[in-house]
Every structure is written in structure tokens, then in C-alpha cells.
file coords_35.txt (compact mmCIF, C-alpha atoms)
# COMPACT_ATOMS: atom_id res chain seq x y z
CA MET A 25 78.48 164.53 -115.42
CA ARG A 26 79.58 160.91 -115.86
CA VAL A 27 82.90 159.84 -117.37
CA VAL A 28 82.93 156.33 -118.78
CA VAL A 29 85.63 154.41 -120.60
CA SER A 30 84.73 151.41 -122.70
CA ASP A 31 87.30 148.70 -123.22
CA GLY A 32 86.03 146.15 -125.71
CA GLY A 33 82.59 145.25 -124.34
CA ASP A 34 83.51 146.52 -120.89
CA ARG A 35 82.20 149.87 -119.68
CA ARG A 36 83.92 151.28 -116.63
CA LEU A 37 82.73 154.38 -114.76
CA LEU A 38 85.74 156.62 -114.04
CA GLY A 39 83.91 159.32 -112.15
CA ALA A 40 80.64 161.13 -111.69
CA GLY A 41 79.46 164.43 -110.27
CA GLN A 42 80.57 168.05 -110.66
CA ALA A 43 84.23 167.27 -109.98
CA VAL A 44 85.97 164.33 -111.61
CA ASP A 45 89.64 163.57 -111.15
CA LEU A 46 91.01 161.50 -114.03
CA ARG A 47 94.63 161.54 -112.95
CA PRO A 48 94.47 158.00 -111.51
CA ALA A 49 92.98 156.76 -114.79
CA ASP A 50 95.84 158.33 -116.73
CA ILE A 51 93.70 159.90 -119.49
CA ASP A 52 95.18 163.02 -121.00
CA GLY A 53 93.53 166.40 -121.55
CA GLU A 54 93.22 166.07 -125.32
CA ALA A 55 91.34 162.79 -124.95
CA VAL A 56 88.96 164.37 -122.44
CA LYS A 57 88.37 167.40 -124.68
CA ALA A 58 87.58 165.10 -127.58
CA ALA A 59 85.25 163.08 -125.33
CA ILE A 60 83.42 166.23 -124.19
CA ARG A 61 82.88 167.06 -127.88
CA GLY A 62 81.57 163.51 -128.27
CA ALA A 63 84.43 162.58 -130.57
CA HIS A 64 86.49 160.04 -128.65
CA ALA A 65 86.58 156.36 -129.48
CA THR A 66 86.66 154.93 -125.96
CA VAL A 67 86.05 157.74 -123.46
CA THR A 68 82.54 159.17 -123.04
CA VAL A 69 81.73 162.26 -121.01
CA ASP A 70 78.05 162.51 -120.31
CA CYS A 71 77.54 166.29 -120.10
CA PRO A 72 75.80 169.22 -121.83
CA SER A 73 77.33 169.76 -125.28
CA PRO A 74 79.94 172.52 -125.33
CA SER A 75 78.96 175.96 -126.62
CA ARG A 76 81.00 177.66 -129.33
CA TRP A 77 82.87 179.63 -126.64
CA TRP A 78 84.01 176.50 -124.85
CA ASP A 79 86.79 175.94 -127.43
CA ARG A 80 88.57 179.04 -126.19
CA LEU A 81 87.70 178.69 -122.52
CA GLY A 82 87.41 174.98 -121.78
CA SER A 83 91.08 174.26 -121.10
CA PRO A 84 92.88 176.99 -119.21
CA ARG A 85 96.38 175.93 -120.20
CA ASP A 86 96.24 175.39 -123.96
CA GLY A 87 98.01 178.52 -125.16
CA THR A 88 94.89 180.47 -126.17
CA ASP A 89 95.48 184.23 -125.98
CA PRO A 90 94.13 185.39 -122.58
CA LEU A 91 92.37 188.35 -124.17
CA ASP A 92 90.60 185.99 -126.59
CA ARG A 93 89.36 184.12 -123.53
CA VAL A 94 87.98 187.27 -121.90
CA VAL A 95 86.24 188.23 -125.15
CA ALA A 96 84.79 184.70 -125.47
CA ALA A 97 83.65 184.86 -121.83
CA ALA A 98 81.81 188.12 -122.50
CA ARG A 99 80.15 186.60 -125.56
CA SER A 100 79.12 183.48 -123.64
CA ARG A 101 77.25 185.79 -121.27
CA GLY A 102 75.27 187.03 -124.24
CA HIS A 103 76.90 190.44 -124.62
CA ARG A 104 76.46 191.83 -128.14
CA PRO A 105 78.10 195.22 -128.65
CA ALA A 106 76.38 197.52 -131.14
CA VAL A 107 79.49 197.70 -133.30
CA GLU A 108 79.16 193.99 -133.99
CA ARG A 109 76.36 194.67 -136.44
CA GLU A 110 78.67 196.93 -138.45
CA LEU A 111 81.32 194.23 -138.27
CA ALA A 112 78.90 191.65 -139.64
CA ALA A 113 77.86 194.01 -142.44
CA ALA A 114 81.48 194.66 -143.40
CA GLU A 115 82.27 190.94 -143.33
CA ARG A 116 79.26 190.21 -145.52
CA ALA A 117 80.26 192.88 -148.02
CA LEU A 118 83.79 191.50 -148.08
CA ARG A 119 82.56 187.97 -148.74
CA ALA A 120 80.28 189.18 -151.52
CA LEU A 121 83.07 191.05 -153.28
CA SER A 122 84.81 189.22 -156.07
CA VAL A 123 87.97 190.45 -157.71
CA ASP A 124 89.05 189.66 -161.24
CA ALA A 125 92.58 188.75 -162.22
CA VAL A 126 94.76 191.73 -163.11
CA ASP A 127 97.66 189.77 -164.53
CA THR A 128 99.26 191.34 -167.59
CA ASP A 129 102.29 189.07 -167.55
CA ALA A 130 101.52 187.41 -170.90
CA THR A 131 101.00 190.67 -172.79
CA ARG A 132 104.08 192.27 -171.19
CA ARG A 133 106.20 189.36 -172.32
CA ARG A 134 104.72 189.35 -175.83
CA LEU A 135 105.38 193.07 -176.15
CA ALA A 136 108.97 192.75 -174.95
CA ASP A 137 109.62 189.82 -177.30
CA ALA A 138 108.11 191.70 -180.24
CA GLY A 139 110.36 194.71 -179.49
CA THR A 140 113.47 192.55 -179.34
CA GLU A 141 112.58 190.83 -182.62
CA VAL A 142 112.01 194.15 -184.40
CA GLU A 143 115.40 195.42 -183.16
CA ARG A 144 117.13 192.28 -184.36
CA LEU A 145 115.48 192.37 -187.81
CA ARG A 146 116.28 196.06 -188.27
CA GLU A 147 119.94 195.22 -187.82
CA GLU A 148 119.58 192.29 -190.21
CA VAL A 149 117.99 194.55 -192.86
CA ALA A 150 120.79 197.10 -192.43
CA THR A 151 123.41 194.40 -192.82
CA ALA A 152 121.69 192.95 -195.93
CA ARG A 153 121.43 196.42 -197.41
CA GLY A 154 125.12 197.02 -196.75
CA ARG A 155 126.07 193.75 -198.36
CA LEU A 156 123.97 194.50 -201.46
CA GLN A 157 125.51 197.97 -201.67
CA SER A 158 129.06 196.69 -201.53
CA ARG A 159 128.36 194.01 -204.14
CA ARG A 160 126.94 196.69 -206.45
CA GLU A 161 130.05 198.76 -205.92
CA MET A 162 132.17 195.73 -206.81
CA ASP A 163 129.97 195.03 -209.82
CA ALA A 164 129.45 191.54 -208.44
CA ASP A 165 126.34 189.39 -208.83
CA THR A 166 123.61 190.87 -206.64
CA ALA A 167 120.79 188.36 -207.06
CA ASP A 168 121.40 186.53 -203.74
CA ALA A 169 121.99 189.77 -201.86
CA GLU A 170 118.81 191.27 -203.25
CA ALA A 171 116.85 188.17 -202.29
CA ALA A 172 118.35 188.26 -198.79
CA LEU A 173 117.43 191.93 -198.38
CA ALA A 174 113.90 191.32 -199.64
CA ASP A 175 113.52 188.41 -197.26
CA ALA A 176 114.81 190.36 -194.26
CA THR A 177 112.61 193.34 -195.16
CA ARG A 178 109.57 191.11 -195.36
CA ARG A 179 110.30 189.53 -191.99
CA LEU A 180 110.87 192.95 -190.44
CA SER A 181 107.53 194.12 -191.72
CA GLU A 182 105.84 191.06 -190.20
CA ALA A 183 107.60 191.66 -186.89
CA GLU A 184 106.49 195.29 -186.88
CA THR A 185 102.91 194.20 -187.47
CA GLU A 186 103.23 191.80 -184.55
CA GLN A 187 104.67 194.59 -182.40
CA ILE A 188 101.67 196.81 -183.10
CA ALA A 189 99.30 193.94 -182.30
CA ALA A 190 101.22 193.27 -179.07
CA GLU A 191 101.00 196.93 -178.08
CA GLN A 192 97.25 196.94 -178.64
CA ALA A 193 96.80 193.72 -176.69
CA HIS A 194 98.90 195.10 -173.83
CA ASP A 195 96.97 198.38 -173.77
CA ALA A 196 93.70 196.47 -173.57
CA ALA A 197 95.05 194.20 -170.81
CA GLN A 198 96.22 197.24 -168.85
CA ARG A 199 92.80 198.86 -169.18
CA ARG A 200 91.12 195.72 -167.91
CA ALA A 201 93.62 195.49 -165.04
CA ARG A 202 92.92 199.11 -164.08
CA GLU A 203 89.20 198.40 -163.90
CA ALA A 204 89.75 195.18 -161.96
CA ARG A 205 91.91 197.07 -159.47
CA GLU A 206 88.90 199.17 -158.51
CA ALA A 207 87.44 196.02 -156.93
CA ARG A 208 90.73 195.33 -155.13
CA GLU A 209 90.73 198.90 -153.89
CA ARG A 210 87.22 198.37 -152.44
CA ARG A 211 88.30 195.06 -150.97
CA LEU A 212 91.24 196.64 -149.17
CA ARG A 213 88.97 199.31 -147.69
CA LEU A 214 86.58 196.58 -146.52
CA GLN A 215 89.43 194.53 -145.07
CA ASP A 216 90.52 197.57 -143.08
CA ARG A 217 86.98 198.23 -141.95
CA VAL A 218 86.56 194.62 -140.80
CA ALA A 219 89.84 194.77 -138.87
CA ASN A 220 88.88 198.05 -137.19
CA ARG A 221 85.37 196.91 -136.30
CA ARG A 222 86.77 193.65 -134.97
CA ARG A 223 89.18 195.55 -132.73
CA GLU A 224 86.37 197.79 -131.51
CA THR A 225 84.15 194.77 -130.89
CA ARG A 226 86.82 193.06 -128.80
CA ARG A 227 87.43 196.21 -126.84
CA ALA A 228 83.71 196.71 -126.21
CA LEU A 229 83.29 193.11 -125.04
CA ALA A 230 86.33 193.19 -122.77
CA THR A 231 85.30 196.53 -121.29
CA ARG A 232 81.81 195.18 -120.67
CA VAL A 233 83.12 192.42 -118.37
CA GLN A 234 86.08 194.30 -116.91
CA GLU A 235 84.62 194.67 -113.43
CA THR A 236 83.27 191.12 -113.38
CA PHE A 237 86.69 189.91 -114.49
CA ASP A 238 88.57 191.82 -111.79
CA THR A 239 86.17 190.38 -109.17
CA ALA A 240 86.63 186.89 -110.64
CA VAL A 241 90.40 187.19 -110.29
CA ASP A 242 89.93 187.51 -106.50
CA ALA A 243 88.21 184.11 -106.48
CA VAL A 244 90.94 182.22 -108.37
CA PRO A 245 94.60 181.65 -107.46
CA GLY A 246 97.15 184.24 -108.66
CA GLU A 247 97.09 187.87 -109.77
CA ALA A 248 95.96 189.40 -113.07
CA ARG A 249 94.24 192.54 -114.27
CA LEU A 250 92.41 193.56 -117.42
CA SER A 251 93.72 196.86 -118.78
CA THR A 252 91.77 198.67 -121.47
CA GLU A 253 94.38 201.25 -122.42
CA PRO A 254 96.09 199.49 -124.09
CA LEU A 255 93.76 196.52 -124.25
CA GLU A 256 95.73 193.72 -122.57
CA ILE A 257 95.99 191.30 -119.68
CA VAL A 258 98.51 192.39 -117.07
CA GLY A 259 99.87 189.72 -114.73
CA CYS A 260 99.56 185.95 -114.79
CA GLU A 261 98.01 184.56 -117.98
CA LEU A 262 96.91 181.36 -116.29
CA THR A 263 95.12 183.34 -113.59
CA ALA A 264 93.43 185.34 -116.33
CA ALA A 265 92.40 182.11 -118.06
CA LEU A 266 90.81 180.81 -114.84
CA ALA A 267 89.09 184.13 -114.14
CA ALA A 268 87.71 184.12 -117.71
CA VAL A 269 86.19 180.69 -117.03
CA ARG A 270 84.58 182.07 -113.88
CA VAL A 271 83.22 185.05 -115.83
CA ALA A 272 81.91 182.85 -118.65
CA ASP A 273 78.60 181.11 -118.87
CA LEU A 274 79.64 177.56 -119.77
CA ASP A 275 77.62 174.36 -119.65
CA ALA A 276 80.25 171.80 -120.56
CA PRO A 277 82.96 170.92 -118.05
CA VAL A 278 86.36 172.60 -117.99
CA VAL A 279 89.42 170.42 -118.44
CA ASP A 280 91.82 171.54 -115.74
CA ALA A 281 95.51 170.72 -116.03
CA THR A 282 96.74 173.77 -114.14
CA ASP A 283 97.84 172.40 -110.74
CA ARG A 284 96.45 175.60 -109.26
CA PHE A 285 93.81 173.88 -107.11
CA ASP A 286 94.15 171.37 -104.27
CA ASP A 287 91.62 169.07 -105.89
CA ALA A 288 88.87 168.99 -108.49
CA ALA A 289 86.23 170.01 -105.95
CA ALA A 290 88.19 173.17 -105.09
CA ALA A 291 88.39 173.97 -108.80
CA VAL A 292 84.61 173.55 -109.19
CA ASN A 293 84.12 175.83 -106.24
CA SER A 294 86.40 178.49 -107.61
CA LEU A 295 85.42 178.33 -111.29
CA GLY A 296 81.71 177.75 -110.90
CA VAL A 297 81.54 175.00 -113.57
CA PRO A 298 81.99 171.22 -113.59
CA VAL A 299 85.68 170.32 -113.75
CA VAL A 300 87.56 167.33 -115.07
CA ARG A 301 91.00 167.24 -113.49
CA VAL A 302 93.69 165.70 -115.69
CA MET B 15 111.61 205.17 -160.32
CA LEU B 16 109.39 202.19 -159.55
CA LEU B 17 106.00 202.95 -158.10
CA VAL B 18 104.68 199.99 -156.13
CA VAL B 19 101.01 200.13 -155.12
CA THR B 20 99.45 197.44 -152.93
CA TYR B 21 95.83 196.26 -152.88
CA SER B 22 95.54 193.99 -149.84
CA ARG B 23 96.45 194.11 -146.16
CA GLY B 24 99.01 191.36 -146.62
CA ALA B 25 100.69 193.08 -149.56
CA ARG B 26 100.69 196.41 -147.71
CA THR B 27 102.39 194.82 -144.70
CA SER B 28 105.02 193.20 -146.93
CA LEU B 29 105.69 196.51 -148.69
CA ARG B 30 106.17 198.29 -145.36
CA ASN B 31 108.56 195.59 -144.23
CA VAL B 32 110.52 195.84 -147.46
CA CYS B 33 110.78 199.63 -147.15
CA ARG B 34 111.82 199.38 -143.51
CA SER B 35 114.55 196.84 -144.26
CA HIS B 36 115.79 198.48 -147.46
CA ASP B 37 116.13 202.13 -146.71
CA ALA B 38 118.63 202.77 -149.47
CA ALA B 39 116.37 201.36 -152.19
CA THR B 40 113.28 203.20 -150.88
CA VAL B 41 112.92 206.67 -152.31
CA ARG B 42 109.58 207.43 -150.62
CA GLN B 43 106.95 205.48 -148.77
CA PHE B 44 103.31 206.54 -148.65
CA GLY B 45 101.04 204.20 -146.70
CA ARG B 46 100.15 201.47 -149.15
CA ALA B 47 102.43 202.68 -151.94
CA ALA B 48 106.12 203.37 -152.29
CA LEU B 49 108.65 204.68 -154.77
CA LEU B 50 111.60 202.35 -155.09
CA ALA B 51 114.91 203.19 -156.71
CA ASP B 52 115.19 202.65 -160.47
CA THR B 53 117.88 200.03 -159.98
CA GLU B 54 118.07 196.30 -160.46
CA PHE B 55 117.74 195.98 -156.71
CA GLY B 56 114.61 198.15 -156.65
CA ALA B 57 113.14 195.94 -159.37
CA PHE B 58 114.18 192.84 -157.44
CA LEU B 59 112.28 194.04 -154.38
CA ALA B 60 109.22 195.03 -156.42
CA LEU B 61 109.14 191.71 -158.30
CA ARG B 62 109.51 189.76 -155.06
CA LEU B 63 106.40 191.53 -153.78
CA ARG B 64 104.49 190.71 -156.95
CA GLU B 65 105.67 187.11 -156.80
CA LYS B 66 104.32 186.86 -153.26
CA HIS B 67 101.07 188.80 -153.64
CA GLY B 68 100.24 188.52 -157.36
CA GLY B 69 97.61 190.97 -158.57
CA ASP B 70 97.57 192.78 -155.24
CA VAL B 71 100.85 194.44 -156.22
CA GLN B 72 100.95 196.94 -159.08
CA ILE B 73 104.30 198.10 -160.41
CA GLN B 74 104.65 201.18 -162.59
CA ARG B 75 107.80 202.81 -163.84
CA THR B 76 107.69 206.55 -163.28
CA GLN B 77 109.79 209.38 -164.58
CA PRO B 78 109.95 213.02 -163.54
CA LEU B 79 107.89 215.33 -165.72
CA ASN B 80 109.79 217.96 -167.64
CA GLU B 81 106.91 220.18 -168.65
CA TYR B 82 109.14 222.30 -170.91
CA GLU B 83 109.81 219.17 -172.90
CA SER B 84 106.47 217.33 -172.81
CA VAL B 85 103.67 219.80 -172.08
CA PRO B 86 102.49 222.21 -174.79
CA GLU B 87 103.03 225.85 -173.93
CA PRO B 88 99.29 226.82 -173.92
CA VAL B 89 98.66 224.23 -171.22
CA ARG B 90 101.52 225.51 -169.07
CA GLU B 91 100.38 229.08 -169.55
CA ALA B 92 96.80 228.17 -168.73
CA ALA B 93 97.88 226.55 -165.45
CA ALA B 94 99.90 229.60 -164.46
CA ALA B 95 97.18 232.04 -165.47
CA TYR B 96 94.43 230.11 -163.70
CA GLU B 97 96.38 229.93 -160.44
CA ALA B 98 96.87 233.71 -160.69
CA ARG B 99 93.12 234.40 -161.24
CA GLU B 100 91.50 237.19 -159.33
CA GLN B 101 88.32 235.33 -158.33
CA PRO B 102 89.27 232.13 -156.50
CA SER B 103 85.74 230.75 -156.97
CA THR B 104 85.84 230.87 -160.79
CA PRO B 105 85.85 227.34 -162.22
CA TYR B 106 88.42 226.73 -164.93
CA THR B 107 85.83 226.10 -167.66
CA LYS B 108 84.36 229.55 -167.09
CA PHE B 109 87.83 231.09 -166.74
CA ALA B 110 88.92 229.63 -170.10
CA ALA B 111 85.74 230.51 -171.99
CA GLY B 112 86.29 233.24 -174.57
CA THR B 113 90.09 233.22 -174.08
CA ASP B 114 92.95 231.44 -175.84
CA HIS B 115 93.32 229.04 -172.89
CA PRO B 116 92.65 225.40 -173.84
CA ASP B 117 89.29 223.80 -173.20
CA PRO B 118 89.44 221.12 -170.42
CA ALA B 119 87.58 218.51 -172.50
CA ALA B 120 90.00 219.02 -175.38
CA MET B 121 92.96 218.64 -173.02
CA GLN B 122 91.48 215.40 -171.68
CA ASP B 123 91.40 213.93 -175.16
CA ARG B 124 95.00 214.80 -176.02
CA GLU B 125 97.74 212.53 -174.70
CA LEU B 126 101.06 214.04 -173.74

call {"tool": "encode", "arguments": {"input": "coords_35.txt", "output": "C-alpha cells"}}
result
Amino acid sequence: MRVVVSDGGDRRLLGAGQAVDLRPADIDGEAVKAAIRGAHATVTVDCPSPSRWWDRLGSPRDGTDPLDRVVAAARSRGHRPAVERELAAAERALRALSVDAVDTDATRRRLADAGTEVERLREEVATARGRLQSRREMDADTADAEAALADATRRLSEAETEQIAAEQAHDAAQRRAREAREARERRLRLQDRVANRRRETRRALATRVQETFDTAVDAVPGEARLSTEPLEIVGCELTAALAAVRVADLDAPVVDATDRFDDAAAAVNSLGVPVVRV
Amino acid sequence: MLLVVTYSRGARTSLRNVCRSHDAATVRQFGRAALLADTEFGAFLALRLREKHGGDVQIQRTQPLNEYESVPEPVREAAAAYEAREQPSTPYTKFAAGTDHPDPAAMQDREL
């Protein structure tokens, strides 16, 4: 590998070979990672392009879950557990599934409003009827009271019609929502299946490299162990991250900011990949 | 009571959290569904879930069934008689044929 920084028209070689120490050049890890991906403005790292597993393995101190690293390491070695095919099928089915909206908010509100209006108009009709009655008993003029009662009765009848329409609309919306929920029901089952298959896949991959991992730990500084029951890393996470690098099959260099090795050459020796020390 | 049914992993997790934190408002919890108390607080919890998860949360209002009030006597009698049948393998349709017990298709068409 060759690490070059260009400054205007100037190109300066910062290091070459399997082990490059960039500490004197004061270039940080993020810049180097970007350069390895070929996405840095001034720094260029001339190296094989990183595989998809490098993201999780390429910098042993970036907070990636140590178990994710072990799983990625197993994948980089080409391990493909049988359950992965089921996982892919479940993921495909989940992607293909579309769910319709099940919202009945509008019809619920319309129905509630219609009910309130009918209640209100019933009271208004009763009041108008009472007023007309008392005017008759007093032998007073009833023309206005009769008109008021007729008007209220007419509005009540309209409101009742609206209430029936609202009920029908709400029933239809509820039926549609019930049918649409079938798809959501299927989606939930698929989501569960994907999660289970994913767990099984991770477990299968980690188990596959368990021995290799435990051997790799002996070759890197610190202590760690891969437990399968429950599935977890016991011990130092940084050690586990380094061991995962050693287990993995990586082409692109690892960006080492761990301070666990005396120098970059020692890191190359221990990890079995080119190392950029930052 | 308020029956809350969830239709996604996220909604199911939220429902479980709500039930765990609000024991008093949770009448029963069954996996991805729960019965919440028929109180303003129960409704508040249920509506919060729907606000957060939209169509992945279904809310129904339930009430206990009083069969003496809402279920016709022939239906109640048929249920009791069928559960007391002598041949456990007899399907209900066959059991009801030629008796006064209601026909299952007819029962399906009649709402309570």
C-alpha cells in the first residue's frame, strides 16, 4: 500500500508497505478510512478496495458491536449458513408485502358529530313542541311557534338521515380496515420470522468461527472469549475486535488507533493484514 | 374495557412497555394485545399508542357478554346440549339436524 497526500500541486508520499504509521503526519482515523474508500479530497491510500465487511472490521475502536464484528469476520471468510436462505426468502416476502391504510378516523368523527347533532335537535324539537303547547293553552298566537317546530323537525330529520349515512360509511370503513389488517397480520408474522432467522444466522456464523476466534485471541493482546450460550463476547471488547480482524479475510488495510501494539509492524504481524497506524 | 391489538413489532414493544409501566390500567395482557381499563387513563394510553403507531394499533371497546340478556334462548340451549352430547365426534350440523336446535348457517346470518 502507498499513502499519499496532495497539497495543491504537491504530492507527498507519507508511507508505503504493509505497515504505515501516520501519527507523525497527524492525519486522523476518519480521514484515513475515507481515503481507503477512495473518498478523501487530499489523502490517497493505494490499496485493494474494501469489501463490504471492512466497514464493521476495518477500525477496531469505532464502537461497532464486537459480536457484529465476529459475524462479519465469518462472512468475509465466505461462510453461508443454510438458514440464510430462509432469511433471504422472509426478507423478500416482507419487502413484497404492501399494507393498505386502516384509518377510520374521518368516519368515526363524522359518526360522533352526527350523533351529537341529532341529540341537540331532538332537544330543540321537544322545546319547540313545549312552547307551541303552552301557547295553545294560553290561546295565544301559534303561527311562529308552529313554524319554529316545523323548522326544527325538518332539521332533525335531515340530521337523522346524515346519521344513518355516517353509520353506513363507518361500517364500510371498518370492513375495509378489517381486511387491510389481514396484510398487517401477515407482515407482523414475517417481521418475526426475519428477526428469528437473523438471530439464527448470526448464531450459526459465530459458532462456525468460534474455534478460529479463540485461537486468534491468543495472537492478539488481551483476553476475550466467544460464548454461544448466551451468544456474547466475554472479556475485553477491543481484544475481540482485534481477534475478529485476524479471523477475517480482508484485503483493505485496517486503521489501528488502539495503542495495543508497539508499532505498526507488530500490528501487521498480529492481525495478518496491512495496517495504517493513526 | 379497551382491547388494544398491535400489528407490528414496534407497536407490540410499545404496548408491552405501556402495560409494564401502568399495571393499574392494564386489566390483562396477551402477547400482542391487551385489555386496558375503561377509564380516561386507559383511553389516554391506547390513543397514545395509536398516535405513535397509526394503523398498527387497533382499539376496540369491549363489554362483558350477558347471554341471558343478549343471546336468544335456543342458542344458549343448543350450546349446552351440544357440549353434553354423547358422541364427542358428532359435528354440530349433524347434531342439530332434525331437532329444534338452530342451524349454524342461520345463526351466522343473525346479529346479536

call {"tool": "closest_atom_pairs", "arguments": {"input": "coords_35.txt", "of": "chain B", "to": "chain A", "cutoff": "12 Å", "atoms": "all atoms listed in the file", "output": "CSV"}}
result
residue,atom,partner,partner_atom,distance
B:Val19,CA,A:Glu209,CA,10.4
B:Thr20,CA,A:Glu209,CA,8.9
B:Tyr21,CA,A:Arg208,CA,5.7
B:Ser22,CA,A:Leu212,CA,5.1
B:Arg23,CA,A:Leu212,CA,6.5
B:Gly24,CA,A:Leu212,CA,9.7
B:Ala25,CA,A:Leu212,CA,10.1
B:Arg26,CA,A:Leu212,CA,9.6
B:Arg46,CA,A:Leu212,CA,10.1
B:Leu61,CA,A:Asp129,CA,11.8
B:Arg64,CA,A:Asp127,CA,10.2
B:Glu65,CA,A:Asp129,CA,11.4
B:His67,CA,A:Asp127,CA,11.5
B:Gly68,CA,A:Asp127,CA,7.7
B:Gly69,CA,A:Val126,CA,5.4
B:Asp70,CA,A:Arg208,CA,7.3
B:Val71,CA,A:Val126,CA,9.6
B:Gln72,CA,A:Val126,CA,9.0
B:Ile73,CA,A:Thr128,CA,11.1
B:Gln74,CA,A:Gln198,CA,11.2

call {"tool": "closest_residue", "arguments": {"input": "coords_35.txt", "among": "B:Leu17, B:Glu87, B:Thr104, B:Pro118", "to": "Ala57 of chain B", "atoms": "all atoms listed in the file"}}
result
B:Leu17

call {"tool": "closest_residue", "arguments": {"input": "coords_35.txt", "among": "B:Glu97, B:Glu125, B:Asp52, B:Glu91", "to": "Gln77 of chain B", "atoms": "all atoms listed in the file"}}
result
B:Asp52

call {"tool": "residues_around", "arguments": {"input": "coords_35.txt", "residues": "Val271 of chain A", "least_positions_apart": "3", "cutoff": "7 Å", "atoms": "all atoms listed in the file", "output": "NGL selection string"}}
result
:A and (97 or 236-237 or 240 or 267-268)

call {"tool": "atom_distance", "arguments": {"input": "coords_35.txt", "atom1": "atom CA of His103 of chain A", "atom2": "atom CA of Ala63 of chain A"}}
result
29.5 Å

call {"tool": "residues_around", "arguments": {"input": "coords_35.txt", "residues": "segment 172-189 of chain A", "least_positions_apart": "2", "cutoff": "10 Å", "atoms": "only C-alpha atoms", "output": "ChimeraX atom specification"}}
result
/A:134-156,166-170,191-195

call {"tool": "atom_distance", "arguments": {"input": "coords_35.txt", "atom1": "atom CA of Asp79 of chain A", "atom2": "atom CA of Thr252 of chain A"}}
result
24.0 Å

call {"tool": "residues_around", "arguments": {"input": "coords_35.txt", "residues": "Val89 of chain B", "least_positions_apart": "5", "cutoff": "10 Å", "atoms": "all atoms listed in the file", "output": "compact mmCIF listing (two decimals) with C-alpha atoms, keeping the file's coordinate frame"}}
result
# COMPACT_ATOMS: atom_id res chain seq x y z
CA GLU B 81 106.91 220.18 -168.65
CA ALA B 94 99.90 229.60 -164.46
CA ALA B 95 97.18 232.04 -165.47
CA HIS B 115 93.32 229.04 -172.89
CA PRO B 116 92.65 225.40 -173.84
CA ASP B 117 89.29 223.80 -173.20
CA PRO B 118 89.44 221.12 -170.42
CA MET B 121 92.96 218.64 -173.02

call {"tool": "axis_aligned_box", "arguments": {"input": "coords_35.txt", "around": "segment 104-107 of chain A", "padding_each_side": "4 Å", "output": "lines of an AutoDock Vina configuration file"}}
result
center_x = 77.9
center_y = 194.8
center_z = -130.7
size_x = 11.1
size_y = 13.9
size_z = 13.2

call {"tool": "residues_around", "arguments": {"input": "coords_35.txt", "residues": "Asn220 of chain A", "least_positions_apart": "6", "cutoff": "12 Å", "atoms": "all atoms listed in the file", "output": "list in words"}}
result
Val107, Glu108, Glu110, Leu111, Ala114, Glu115, Arg213, Leu214, Arg226 and Arg227 of chain A

call {"tool": "atom_distance", "arguments": {"input": "coords_35.txt", "atom1": "atom CA of Val241 of chain A", "atom2": "atom CA of Leu266 of chain A"}}
result
7.8 Å

call {"tool": "residues_around", "arguments": {"input": "coords_35.txt", "residues": "Asp86 of chain A", "least_positions_apart": "6", "cutoff": "12 Å", "atoms": "all atoms listed in the file", "output": "count of residues only"}}
result
15

call {"tool": "build_atoms", "arguments": {"input": "coords_35.txt", "residues": "segment 215-231 of chain A", "atoms": "N, CA and C atoms", "output": "mmCIF file, in the frame of the given file"}}
result
data_model
loop_
_atom_site.group_PDB
_atom_site.id
_atom_site.type_symbol
_atom_site.label_atom_id
_atom_site.label_comp_id
_atom_site.auth_asym_id
_atom_site.auth_seq_id
_atom_site.Cartn_x
_atom_site.Cartn_y
_atom_site.Cartn_z
ATOM 1 N N GLN A 215 88.559 195.286 -145.979
ATOM 2 C CA GLN A 215 89.430 194.530 -145.070
ATOM 3 C C GLN A 215 89.822 195.400 -143.878
ATOM 4 N N ASP A 216 90.152 196.653 -144.159
ATOM 5 C CA ASP A 216 90.520 197.570 -143.080
ATOM 6 C C ASP A 216 89.336 197.813 -142.156
ATOM 7 N N ARG A 217 88.154 197.961 -142.777
ATOM 8 C CA ARG A 217 86.980 198.230 -141.950
ATOM 9 C C ARG A 217 86.695 197.022 -141.039
ATOM 10 N N VAL A 218 86.794 195.815 -141.606
ATOM 11 C CA VAL A 218 86.560 194.620 -140.800
ATOM 12 C C VAL A 218 87.554 194.564 -139.637
ATOM 13 N N ALA A 219 88.821 194.837 -139.934
ATOM 14 C CA ALA A 219 89.840 194.770 -138.870
ATOM 15 C C ALA A 219 89.555 195.807 -137.781
ATOM 16 N N ASN A 220 89.162 196.999 -138.186
ATOM 17 C CA ASN A 220 88.880 198.050 -137.190
ATOM 18 C C ASN A 220 87.660 197.697 -136.353
ATOM 19 N N ARG A 221 86.596 197.252 -137.038
ATOM 20 C CA ARG A 221 85.370 196.910 -136.300
ATOM 21 C C ARG A 221 85.631 195.738 -135.361
ATOM 22 N N ARG A 222 86.467 194.808 -135.802
ATOM 23 C CA ARG A 222 86.770 193.650 -134.970
ATOM 24 C C ARG A 222 87.498 194.095 -133.696
ATOM 25 N N ARG A 223 88.451 195.011 -133.891
ATOM 26 C CA ARG A 223 89.180 195.550 -132.730
ATOM 27 C C ARG A 223 88.214 196.240 -131.773
ATOM 28 N N GLU A 224 87.328 197.059 -132.344
ATOM 29 C CA GLU A 224 86.370 197.790 -131.510
ATOM 30 C C GLU A 224 85.428 196.834 -130.786
ATOM 31 N N THR A 225 85.033 195.761 -131.495
ATOM 32 C CA THR A 225 84.150 194.770 -130.890
ATOM 33 C C THR A 225 84.821 194.105 -129.692
ATOM 34 N N ARG A 226 86.071 193.701 -129.895
ATOM 35 C CA ARG A 226 86.820 193.060 -128.800
ATOM 36 C C ARG A 226 86.943 194.004 -127.612
ATOM 37 N N ARG A 227 87.268 195.235 -127.910
ATOM 38 C CA ARG A 227 87.430 196.210 -126.840
ATOM 39 C C ARG A 227 86.111 196.399 -126.087
ATOM 40 N N ALA A 228 85.017 196.500 -126.840
ATOM 41 C CA ALA A 228 83.710 196.710 -126.210
ATOM 42 C C ALA A 228 83.359 195.524 -125.316
ATOM 43 N N LEU A 229 83.628 194.310 -125.811
ATOM 44 C CA LEU A 229 83.290 193.110 -125.040
ATOM 45 C C LEU A 229 84.134 193.016 -123.777
ATOM 46 N N ALA A 230 85.440 193.275 -123.930
ATOM 47 C CA ALA A 230 86.330 193.190 -122.770
ATOM 48 C C ALA A 230 85.951 194.242 -121.733
ATOM 49 N N THR A 231 85.669 195.449 -122.208
ATOM 50 C CA THR A 231 85.300 196.530 -121.290
ATOM 51 C C THR A 231 84.022 196.189 -120.532
#
